file coords.txt (compact mmCIF, C-alpha atoms and all ligand atoms)
# COMPACT_ATOMS: atom_id res chain seq x y z
CA MET A 1 -74.08 62.47 -19.85
CA GLU A 2 -76.77 60.11 -21.08
CA ASN A 3 -76.21 56.36 -21.02
CA LEU A 4 -75.32 54.83 -24.36
CA THR A 5 -77.88 52.57 -25.98
CA ILE A 6 -75.88 51.57 -29.02
CA ASP A 7 -76.50 48.19 -30.62
CA TRP A 8 -72.82 47.63 -31.48
CA THR A 9 -73.37 44.58 -33.66
CA ASN A 10 -75.91 46.34 -35.89
CA LEU A 11 -74.09 49.60 -36.53
CA GLY A 12 -73.92 50.86 -40.09
CA PHE A 13 -71.82 53.74 -41.38
CA ASP A 14 -73.96 56.61 -40.16
CA TYR A 15 -73.30 59.82 -38.28
CA ILE A 16 -73.69 59.62 -34.52
CA LYS A 17 -72.79 62.60 -32.37
CA THR A 18 -70.05 61.68 -29.92
CA ASP A 19 -68.90 63.66 -26.87
CA LEU A 20 -65.90 65.72 -27.98
CA ARG A 21 -64.02 66.70 -31.11
CA TYR A 22 -60.61 68.33 -31.65
CA ILE A 23 -60.21 71.66 -33.36
CA SER A 24 -57.10 73.70 -34.15
CA VAL A 25 -56.66 76.92 -36.13
CA TRP A 26 -53.78 77.97 -38.41
CA GLU A 27 -53.29 81.70 -38.80
CA ASN A 28 -50.30 83.96 -39.47
CA GLY A 29 -48.14 80.99 -40.38
CA GLU A 30 -48.70 78.80 -37.34
CA TRP A 31 -50.99 76.30 -35.69
CA ASP A 32 -52.47 76.94 -32.27
CA ASN A 33 -52.38 74.16 -29.67
CA GLY A 34 -55.82 72.78 -30.45
CA VAL A 35 -58.66 72.05 -28.02
CA LEU A 36 -61.41 69.51 -27.48
CA ILE A 37 -64.88 70.98 -27.78
CA LYS A 38 -68.44 69.78 -27.22
CA ASP A 39 -70.09 71.71 -30.05
CA ASN A 40 -70.42 69.67 -33.25
CA THR A 41 -71.20 72.73 -35.38
CA LEU A 42 -68.62 74.96 -37.06
CA CYS A 43 -69.04 78.70 -37.41
CA ILE A 44 -67.01 79.86 -40.41
CA GLU A 45 -66.87 82.97 -42.62
CA GLU A 46 -69.28 83.05 -45.56
CA GLY A 47 -66.33 83.72 -47.91
CA SER A 48 -64.42 80.60 -46.77
CA PRO A 49 -62.59 79.05 -49.76
CA ALA A 50 -63.61 75.59 -48.50
CA LEU A 51 -67.23 76.50 -49.22
CA HIS A 52 -66.79 78.02 -52.68
CA TYR A 53 -63.65 76.60 -54.23
CA GLY A 54 -63.38 73.27 -52.45
CA GLN A 55 -60.17 74.10 -50.62
CA GLN A 56 -60.47 71.22 -48.18
CA CYS A 57 -59.22 67.71 -47.65
CA PHE A 58 -59.92 64.91 -45.19
CA GLU A 59 -58.82 61.53 -43.90
CA GLY A 60 -60.39 58.38 -42.51
CA LEU A 61 -58.89 55.95 -40.01
CA LYS A 62 -60.12 53.70 -37.24
CA ALA A 63 -59.53 52.90 -33.57
CA TYR A 64 -59.88 49.25 -32.60
CA ARG A 65 -60.65 47.68 -29.19
CA THR A 66 -58.44 44.66 -28.60
CA LYS A 67 -59.34 41.47 -26.72
CA SER A 68 -57.55 42.77 -23.61
CA GLY A 69 -59.55 46.00 -23.75
CA GLU A 70 -56.81 48.30 -25.04
CA ILE A 71 -57.43 50.68 -27.91
CA GLN A 72 -55.18 50.94 -30.94
CA LEU A 73 -54.90 52.94 -34.16
CA PHE A 74 -53.86 51.40 -37.48
CA ARG A 75 -51.08 53.29 -39.30
CA PRO A 76 -52.19 56.85 -38.38
CA ASP A 77 -48.80 58.17 -39.54
CA GLU A 78 -49.74 57.14 -43.09
CA ASN A 79 -53.00 59.09 -42.85
CA ALA A 80 -51.06 62.09 -41.58
CA LYS A 81 -48.67 61.91 -44.55
CA ARG A 82 -51.53 61.54 -47.01
CA LEU A 83 -53.37 64.51 -45.48
CA ASN A 84 -50.23 66.54 -46.06
CA ASN A 85 -49.98 65.37 -49.67
CA SER A 86 -53.57 66.49 -50.17
CA ALA A 87 -52.81 69.78 -48.39
CA ASN A 88 -49.82 70.43 -50.64
CA ARG A 89 -51.89 69.74 -53.75
CA LEU A 90 -54.47 72.36 -52.69
CA LEU A 91 -52.00 74.91 -51.22
CA MET A 92 -52.97 74.36 -47.62
CA PRO A 93 -50.57 74.24 -44.65
CA GLU A 94 -49.32 70.84 -43.53
CA VAL A 95 -50.41 69.45 -40.18
CA PRO A 96 -47.30 68.13 -38.38
CA ILE A 97 -47.47 64.33 -38.14
CA GLU A 98 -47.16 64.39 -34.32
CA LYS A 99 -49.99 66.94 -34.09
CA PHE A 100 -52.21 64.77 -36.31
CA ILE A 101 -51.56 61.61 -34.27
CA ASP A 102 -51.92 63.46 -30.96
CA ALA A 103 -55.27 64.92 -32.10
CA CYS A 104 -56.50 61.44 -33.06
CA LYS A 105 -55.43 60.00 -29.72
CA GLN A 106 -57.06 62.85 -27.80
CA VAL A 107 -60.34 62.32 -29.63
CA VAL A 108 -60.31 58.56 -29.02
CA LYS A 109 -59.54 59.00 -25.32
CA ALA A 110 -62.19 61.70 -24.90
CA ASN A 111 -64.79 59.44 -26.55
CA GLU A 112 -63.64 56.16 -25.10
CA ARG A 113 -67.19 55.10 -24.22
CA PHE A 114 -67.95 55.10 -27.97
CA VAL A 115 -65.15 52.67 -28.85
CA PRO A 116 -67.07 49.48 -29.66
CA PRO A 117 -66.36 46.36 -27.58
CA TYR A 118 -64.00 43.70 -28.95
CA GLY A 119 -65.86 40.95 -30.76
CA THR A 120 -68.65 43.11 -32.16
CA GLY A 121 -66.72 43.81 -35.37
CA ALA A 122 -67.46 47.51 -34.94
CA THR A 123 -64.80 50.21 -34.67
CA LEU A 124 -64.44 53.91 -33.92
CA TYR A 125 -64.03 55.77 -37.23
CA LEU A 126 -62.00 58.98 -37.06
CA ARG A 127 -62.57 61.75 -39.58
CA PRO A 128 -59.77 64.34 -39.61
CA PHE A 129 -60.33 67.25 -41.98
CA LEU A 130 -58.61 70.45 -43.02
CA ILE A 131 -60.53 73.41 -44.45
CA GLY A 132 -59.61 76.83 -45.80
CA VAL A 133 -61.64 79.53 -44.05
CA GLY A 134 -61.67 83.31 -43.60
CA ASP A 135 -62.99 86.35 -45.46
CA ASN A 136 -62.36 85.82 -49.13
CA ILE A 137 -64.06 85.93 -52.51
CA GLY A 138 -61.42 85.88 -55.28
CA LEU A 139 -59.96 82.56 -56.38
CA LYS A 140 -56.93 82.30 -54.13
CA PRO A 141 -55.83 80.15 -51.19
CA ALA A 142 -57.30 80.92 -47.77
CA ASN A 143 -55.22 82.72 -45.17
CA LYS A 144 -56.76 80.82 -42.27
CA PHE A 145 -57.32 77.09 -41.85
CA ILE A 146 -59.11 74.78 -39.46
CA PHE A 147 -57.92 71.25 -38.71
CA SER A 148 -60.47 69.15 -36.88
CA VAL A 149 -60.98 65.49 -35.94
CA PHE A 150 -64.27 63.92 -34.92
CA CYS A 151 -65.25 60.30 -34.44
CA ILE A 152 -68.21 57.96 -34.81
CA PRO A 153 -68.69 54.29 -33.95
CA VAL A 154 -69.24 52.34 -37.17
CA GLY A 155 -70.09 48.93 -38.54
CA PRO A 156 -69.78 47.81 -42.18
CA TYR A 157 -69.71 50.50 -44.90
CA PHE A 158 -71.63 48.30 -47.33
CA LYS A 159 -74.73 47.02 -45.57
CA GLY A 160 -74.58 43.32 -44.85
CA GLY A 161 -70.89 43.07 -44.05
CA MET A 162 -68.47 40.45 -45.32
CA LYS A 163 -70.37 39.10 -48.33
CA PRO A 164 -69.96 39.70 -52.07
CA PHE A 165 -71.41 42.86 -53.61
CA ASN A 166 -71.87 43.64 -57.28
CA PHE A 167 -70.48 46.88 -58.71
CA MET A 168 -71.05 48.78 -61.94
CA ILE A 169 -68.53 50.45 -64.26
CA SER A 170 -69.46 54.12 -64.51
CA ASP A 171 -69.53 56.33 -67.61
CA TYR A 172 -68.42 59.24 -65.46
CA ASP A 173 -64.85 60.07 -64.53
CA ARG A 174 -63.99 60.53 -60.88
CA ALA A 175 -60.76 62.38 -61.57
CA ALA A 176 -58.71 63.88 -64.41
CA PRO A 177 -55.32 62.47 -65.52
CA LYS A 178 -53.36 65.25 -63.86
CA GLY A 179 -56.13 66.39 -61.52
CA THR A 180 -56.70 65.71 -57.86
CA GLY A 181 -57.53 61.99 -57.99
CA ALA A 182 -54.59 61.03 -55.77
CA ALA A 183 -55.56 63.57 -53.12
CA LYS A 184 -58.33 62.98 -50.62
CA VAL A 185 -60.26 66.14 -51.45
CA GLY A 186 -64.01 66.68 -51.29
CA GLY A 187 -64.34 67.66 -54.95
CA ASN A 188 -63.47 64.12 -56.07
CA TYR A 189 -66.33 62.81 -53.98
CA ALA A 190 -68.89 65.46 -54.97
CA GLY A 191 -68.13 64.63 -58.60
CA SER A 192 -68.63 60.92 -58.00
CA LEU A 193 -72.03 61.14 -56.27
CA ILE A 194 -74.01 60.94 -59.50
CA ALA A 195 -72.16 57.79 -60.56
CA GLN A 196 -72.90 56.24 -57.17
CA LYS A 197 -76.57 57.24 -57.45
CA LYS A 198 -76.90 55.65 -60.88
CA ALA A 199 -75.17 52.48 -59.74
CA LYS A 200 -77.44 52.20 -56.69
CA GLU A 201 -80.56 52.83 -58.78
CA LYS A 202 -79.60 49.80 -60.86
CA GLY A 203 -79.14 47.69 -57.73
CA TYR A 204 -75.35 47.84 -57.50
CA ALA A 205 -73.40 48.57 -54.33
CA ASP A 206 -71.37 51.36 -55.92
CA ALA A 207 -69.68 52.61 -59.09
CA ILE A 208 -66.23 51.63 -60.34
CA PHE A 209 -64.35 54.23 -62.38
CA LEU A 210 -62.16 53.63 -65.40
CA ASP A 211 -59.00 55.62 -66.12
CA PRO A 212 -60.01 59.08 -67.35
CA ALA A 213 -57.53 59.17 -70.24
CA THR A 214 -58.48 55.98 -72.14
CA HIS A 215 -61.46 54.43 -70.33
CA THR A 216 -59.91 50.99 -70.74
CA LYS A 217 -58.46 50.32 -67.29
CA ILE A 218 -60.05 49.93 -63.86
CA GLU A 219 -59.09 52.75 -61.50
CA GLU A 220 -61.04 52.37 -58.28
CA VAL A 221 -64.38 52.34 -56.51
CA GLY A 222 -65.75 55.74 -55.37
CA SER A 223 -64.82 54.88 -51.78
CA ALA A 224 -62.16 52.17 -52.04
CA ASN A 225 -59.34 50.74 -54.18
CA PHE A 226 -59.70 47.65 -56.38
CA PHE A 227 -57.73 44.40 -56.25
CA GLY A 228 -57.93 41.14 -58.16
CA ILE A 229 -56.45 37.70 -57.49
CA THR A 230 -55.32 35.37 -60.25
CA ALA A 231 -55.12 31.59 -60.37
CA ASN A 232 -51.31 32.03 -60.27
CA ASN A 233 -51.47 33.36 -56.70
CA GLU A 234 -50.99 36.98 -57.81
CA PHE A 235 -52.48 39.99 -56.03
CA ILE A 236 -52.95 42.70 -58.67
CA THR A 237 -54.04 46.26 -58.09
CA PRO A 238 -54.20 49.30 -60.40
CA LEU A 239 -51.29 51.71 -60.58
CA SER A 240 -52.47 55.14 -61.61
CA PRO A 241 -51.68 58.77 -60.77
CA SER A 242 -55.39 59.53 -60.46
CA ILE A 243 -56.42 57.02 -57.77
CA LEU A 244 -56.22 57.51 -54.02
CA PRO A 245 -53.20 55.63 -52.60
CA SER A 246 -55.12 53.42 -50.19
CA ILE A 247 -53.37 52.62 -46.93
CA THR A 248 -55.43 49.42 -46.69
CA LYS A 249 -54.33 48.45 -50.20
CA TYR A 250 -50.63 48.98 -49.42
CA SER A 251 -51.09 47.01 -46.20
CA LEU A 252 -52.74 44.17 -48.14
CA LEU A 253 -49.89 44.15 -50.66
CA GLU A 254 -47.52 43.49 -47.76
CA ILE A 255 -49.82 40.93 -46.13
CA ALA A 256 -50.31 39.05 -49.42
CA ARG A 257 -46.56 39.00 -50.04
CA ASP A 258 -45.23 38.37 -46.54
CA TYR A 259 -47.94 36.26 -44.90
CA PHE A 260 -49.15 34.29 -47.96
CA ASP A 261 -46.22 34.30 -50.33
CA MET A 262 -48.29 35.82 -53.13
CA LYS A 263 -46.80 37.73 -56.04
CA VAL A 264 -47.96 41.33 -55.68
CA ILE A 265 -48.29 43.57 -58.72
CA GLU A 266 -49.30 47.21 -59.13
CA GLY A 267 -50.09 47.69 -62.79
CA ASP A 268 -52.78 48.04 -65.43
CA VAL A 269 -56.07 46.23 -64.85
CA ASN A 270 -57.67 46.20 -68.29
CA ILE A 271 -61.43 46.07 -68.29
CA SER A 272 -61.23 43.61 -71.20
CA ASP A 273 -59.10 41.27 -69.13
CA LEU A 274 -61.26 40.47 -66.10
CA ASP A 275 -61.22 36.75 -66.91
CA LYS A 276 -57.79 36.43 -65.41
CA PHE A 277 -59.13 37.12 -61.91
CA ILE A 278 -60.59 34.30 -59.83
CA GLU A 279 -61.48 36.72 -57.03
CA ALA A 280 -61.75 40.48 -56.66
CA GLY A 281 -62.38 42.99 -53.93
CA ALA A 282 -62.67 46.61 -52.88
CA CYS A 283 -60.46 47.73 -50.01
CA GLY A 284 -60.31 50.78 -47.79
CA THR A 285 -60.67 51.96 -44.22
CA ALA A 286 -64.46 52.15 -44.37
CA ALA A 287 -64.87 49.25 -46.83
CA VAL A 288 -62.21 47.07 -45.07
CA ILE A 289 -62.24 44.27 -47.67
CA THR A 290 -65.54 44.12 -49.51
CA PRO A 291 -65.58 41.10 -51.83
CA ILE A 292 -66.67 41.93 -55.38
CA GLY A 293 -69.10 39.31 -56.64
CA GLY A 294 -69.40 40.74 -60.12
CA ILE A 295 -68.85 43.89 -62.18
CA GLU A 296 -71.36 45.14 -64.74
CA TYR A 297 -69.80 46.57 -67.86
CA ASN A 298 -71.72 47.35 -71.07
CA GLY A 299 -74.75 45.47 -69.83
CA ASN A 300 -72.92 42.24 -68.89
CA LEU A 301 -72.24 41.10 -65.34
CA HIS A 302 -68.77 39.62 -65.11
CA VAL A 303 -68.75 37.29 -62.09
CA PHE A 304 -65.46 36.52 -60.34
CA HIS A 305 -65.57 33.80 -57.65
CA SER A 306 -69.30 33.93 -56.89
CA THR A 307 -72.03 36.47 -56.16
CA LYS A 308 -73.01 34.45 -53.08
CA ASP A 309 -69.84 33.24 -51.35
CA VAL A 310 -66.60 34.93 -50.42
CA GLY A 311 -63.55 33.50 -52.19
CA PRO A 312 -61.01 31.67 -50.00
CA ILE A 313 -58.09 34.01 -50.73
CA THR A 314 -60.16 37.13 -50.11
CA LYS A 315 -61.31 35.54 -46.84
CA LYS A 316 -57.82 34.78 -45.59
CA LEU A 317 -56.58 38.27 -46.51
CA TYR A 318 -59.57 39.76 -44.69
CA ASP A 319 -59.05 37.60 -41.59
CA THR A 320 -55.39 38.55 -41.45
CA LEU A 321 -56.02 42.26 -41.97
CA ILE A 322 -58.66 42.53 -39.27
CA GLY A 323 -56.66 40.17 -37.05
CA ILE A 324 -53.80 42.66 -37.18
CA GLN A 325 -56.07 45.67 -36.73
CA PHE A 326 -57.81 44.21 -33.66
CA GLY A 327 -54.52 43.00 -32.19
CA ASP A 328 -55.11 39.25 -32.57
CA ILE A 329 -52.25 38.75 -35.05
CA PRO A 330 -48.81 40.32 -34.64
CA ALA A 331 -48.49 43.38 -36.87
CA PRO A 332 -45.56 44.36 -39.04
CA LYS A 333 -43.33 46.84 -37.20
CA GLY A 334 -44.77 50.34 -36.88
CA TRP A 335 -48.34 49.59 -37.96
CA ILE A 336 -50.01 49.79 -34.53
CA TYR A 337 -50.21 52.84 -32.27
CA THR A 338 -51.58 52.21 -28.79
CA VAL A 339 -53.87 54.97 -27.51
N1 LIG B 401 -60.14 55.24 -52.64
C1 LIG B 401 -60.99 56.20 -52.27
C2 LIG B 401 -61.59 57.05 -53.31
C3 LIG B 401 -61.29 56.37 -50.91
O1 LIG B 401 -62.14 57.32 -50.50
C4 LIG B 401 -60.70 55.53 -49.95
C5 LIG B 401 -60.97 55.71 -48.52
O2 LIG B 401 -60.23 56.30 -47.80
C6 LIG B 401 -59.82 54.55 -50.40
C7 LIG B 401 -59.56 54.42 -51.74
C8 LIG B 401 -59.16 53.64 -49.43
O3 LIG B 401 -58.09 54.27 -48.75
P1 LIG B 401 -57.67 53.81 -47.32
O4 LIG B 401 -57.37 52.37 -47.42
O5 LIG B 401 -56.45 54.60 -47.02
O6 LIG B 401 -58.78 54.11 -46.42
C1 LIG B 402 -62.64 55.91 -45.81
O1 LIG B 402 -62.64 54.71 -46.11
O2 LIG B 402 -62.07 56.30 -44.78
C2 LIG B 402 -63.26 56.91 -46.65
O3 LIG B 402 -62.92 58.05 -46.50
C3 LIG B 402 -64.29 56.56 -47.63
C4 LIG B 402 -65.49 57.46 -47.47
C5 LIG B 402 -66.22 57.56 -48.75
C6 LIG B 402 -66.37 56.99 -46.36

call {"tool": "encode", "arguments": {"input": "coords.txt", "output": "structure tokens"}}
result
Amino acid sequence: MENLTIDWTNLGFDYIKTDLRYISVWENGEWDNGVLIKDNTLCIEEGSPALHYGQQCFEGLKAYRTKSGEIQLFRPDENAKRLNNSANRLLMPEVPIEKFIDACKQVVKANERFVPPYGTGATLYLRPFLIGVGDNIGLKPANKFIFSVFCIPVGPYFKGGMKPFNFMISDYDRAAPKGTGAAKVGGNYAGSLIAQKKAKEKGYADAIFLDPATHTKIEEVGSANFFGITANNEFITPLSPSILPSITKYSLLEIARDYFDMKVIEGDVNISDLDKFIEAGACGTAAVITPIGGIEYNGNLHVFHSTKDVGPITKKLYDTLIGIQFGDIPAPKGWIYTV
């Protein structure tokens, strides 16, 4: 085993091959026990429905090294439930919650040397995924499935870390009103790549999508949910059947309400009504809280707090969230799983 030469404080969000990954197969109505393997390649049938018809879904969660050197997961049960919602939407078998959490813990333990040290800000990102495989060609669900979890040490998703980024409203839709927007399925992401490319070409960090039915309301960023903060101490975030229910967002709703006495609202965020927000942000496992400096819409950049400095409310929400995740601040009951 080679020695690690990772510069923990300068990690981005890039693939790094770690030592072991978990893999389990579902066939004839049941899951096998699952094993840890060294090989980071998958050998699957050419007719696999995951390859042709997008019968696949995935998750993202992180392991955190605490000050005392322990390792903990943040709300993995919620990721397990969301994976199963995605699986149900695409007619795939559920992964039992205990199996999901056990697989995550096994992968973290087996790759412990890749869990970044406390104080570097970096974390170990876990990527569970479920794919339909087997010999197939007609449009129908697979009869064999693979559930796998691998991990990579990561730093900030948006390069530069905790500073404001500008985003651009996209002309494209990420999801359809009764489509798969609320499921974490690859097709949503493949469809959003062109919007991301166009946003990046114009110098923006990423695209923000409007609701596919009326194109009047903010839905979410391609990789994170949206929130805004008003001068009346309100934390407002879109409610829509076609956005991904972000575990970070639901955690922030509780933090804003219970730690900072804010009024929390899930509702419409009209694109014509951005003036009411004094701060805004994108939130997610990879994005953590990424402050939104401004949003470009129809050629105008609407600036919230500032394109240079992080707003004070965003900052205190961020500090509390990562404080809980790294074990510096007591967590609400059930949020932390020790590995
Ligand atoms: N929205 C999309 C489209 C995402 O890909 C993600 C990332 O998982 C999120 C929101 C944030 O969800 P979570 O906070 O559960 O990571
Ligand atoms: C995550 O935040 O876990 C995600 O899955 C977002 C992804 C685009 C990196």

call {"tool": "closest_atom_pairs", "arguments": {"input": "coords.txt", "of": "chain A", "to": "ligand LIG 401 (chain B)", "cutoff": "6 Å", "atoms": "all atoms listed in the file", "output": "JSON lines"}}
result
{"residue": "A:Gly60", "atom": "CA", "partner": "B:LIG401", "partner_atom": "O2", "distance": 5.7}
{"residue": "A:Gly222", "atom": "CA", "partner": "B:LIG401", "partner_atom": "C2", "distance": 4.8}
{"residue": "A:Ser223", "atom": "CA", "partner": "B:LIG401", "partner_atom": "O1", "distance": 3.8}
{"residue": "A:Ala224", "atom": "CA", "partner": "B:LIG401", "partner_atom": "C7", "distance": 3.5}
{"residue": "A:Asn225", "atom": "CA", "partner": "B:LIG401", "partner_atom": "C7", "distance": 4.4}
{"residue": "A:Leu244", "atom": "CA", "partner": "B:LIG401", "partner_atom": "N1", "distance": 4.7}
{"residue": "A:Ser246", "atom": "CA", "partner": "B:LIG401", "partner_atom": "O3", "distance": 3.4}
{"residue": "A:Ile247", "atom": "CA", "partner": "B:LIG401", "partner_atom": "O5", "distance": 3.7}
{"residue": "A:Thr248", "atom": "CA", "partner": "B:LIG401", "partner_atom": "O4", "distance": 3.6}
{"residue": "A:Lys249", "atom": "CA", "partner": "B:LIG401", "partner_atom": "O4", "distance": 5.7}
{"residue": "A:Gly284", "atom": "CA", "partner": "B:LIG401", "partner_atom": "O4", "distance": 3.4}
{"residue": "A:Thr285", "atom": "CA", "partner": "B:LIG401", "partner_atom": "O6", "distance": 3.6}

call {"tool": "write_last_selection", "arguments": {"input": "coords.txt", "atoms": "C-alpha atoms", "output": "JSON list (two decimals), in the coordinates of the input"}}
result
[["chain", "number", "residue", "atom", "x", "y", "z"],
["A", 60, "GLY", "CA", -60.39, 58.38, -42.51],
["A", 222, "GLY", "CA", -65.75, 55.74, -55.37],
["A", 223, "SER", "CA", -64.82, 54.88, -51.78],
["A", 224, "ALA", "CA", -62.16, 52.17, -52.04],
["A", 225, "ASN", "CA", -59.34, 50.74, -54.18],
["A", 244, "LEU", "CA", -56.22, 57.51, -54.02],
["A", 246, "SER", "CA", -55.12, 53.42, -50.19],
["A", 247, "ILE", "CA", -53.37, 52.62, -46.93],
["A", 248, "THR", "CA", -55.43, 49.42, -46.69],
["A", 249, "LYS", "CA", -54.33, 48.45, -50.20],
["A", 284, "GLY", "CA", -60.31, 50.78, -47.79],
["A", 285, "THR", "CA", -60.67, 51.96, -44.22]]

call {"tool": "axis_aligned_box", "arguments": {"input": "coords.txt", "around": "ligand LIG 402 (chain B)", "padding_each_side": "8 Å", "output": "JSON"}}
result
{"center_x": -64.2, "center_y": 56.4, "center_z": -46.8, "size_x": 20.3, "size_y": 19.3, "size_z": 20.0}

call {"tool": "atom_distance", "arguments": {"input": "coords.txt", "atom1": "atom C4 of ligand LIG 402 (chain B)", "atom2": "atom CA of A:Lys184"}}
result
9.6 Å

call {"tool": "closest_residue", "arguments": {"input": "coords.txt", "among": "A:Phe58, A:Phe209, A:Tyr189, A:Trp335", "to": "A:Ser148", "atoms": "all atoms listed in the file"}}
result
A:Phe58

call {"tool": "atom_distance", "arguments": {"input": "coords.txt", "atom1": "atom CA of A:Trp8", "atom2": "atom CA of A:Pro117"}}
result
7.7 Å

call {"tool": "closest_residue", "arguments": {"input": "coords.txt", "among": "A:Glu59, A:Asp14, A:Asp135, A:Asp173", "to": "ligand LIG 402 (chain B)", "atoms": "all atoms listed in the file"}}
result
A:Glu59

call {"tool": "closest_residue", "arguments": {"input": "coords.txt", "among": "A:Ser251, A:Phe260, A:Val269, A:His215", "to": "A:Gly228", "atoms": "only C-alpha atoms"}}
result
A:Val269

call {"tool": "closest_residue", "arguments": {"input": "coords.txt", "among": "A:Cys283, A:Ile218, A:Val108, A:Leu11", "to": "A:Gly160", "atoms": "all atoms listed in the file"}}
result
A:Leu11
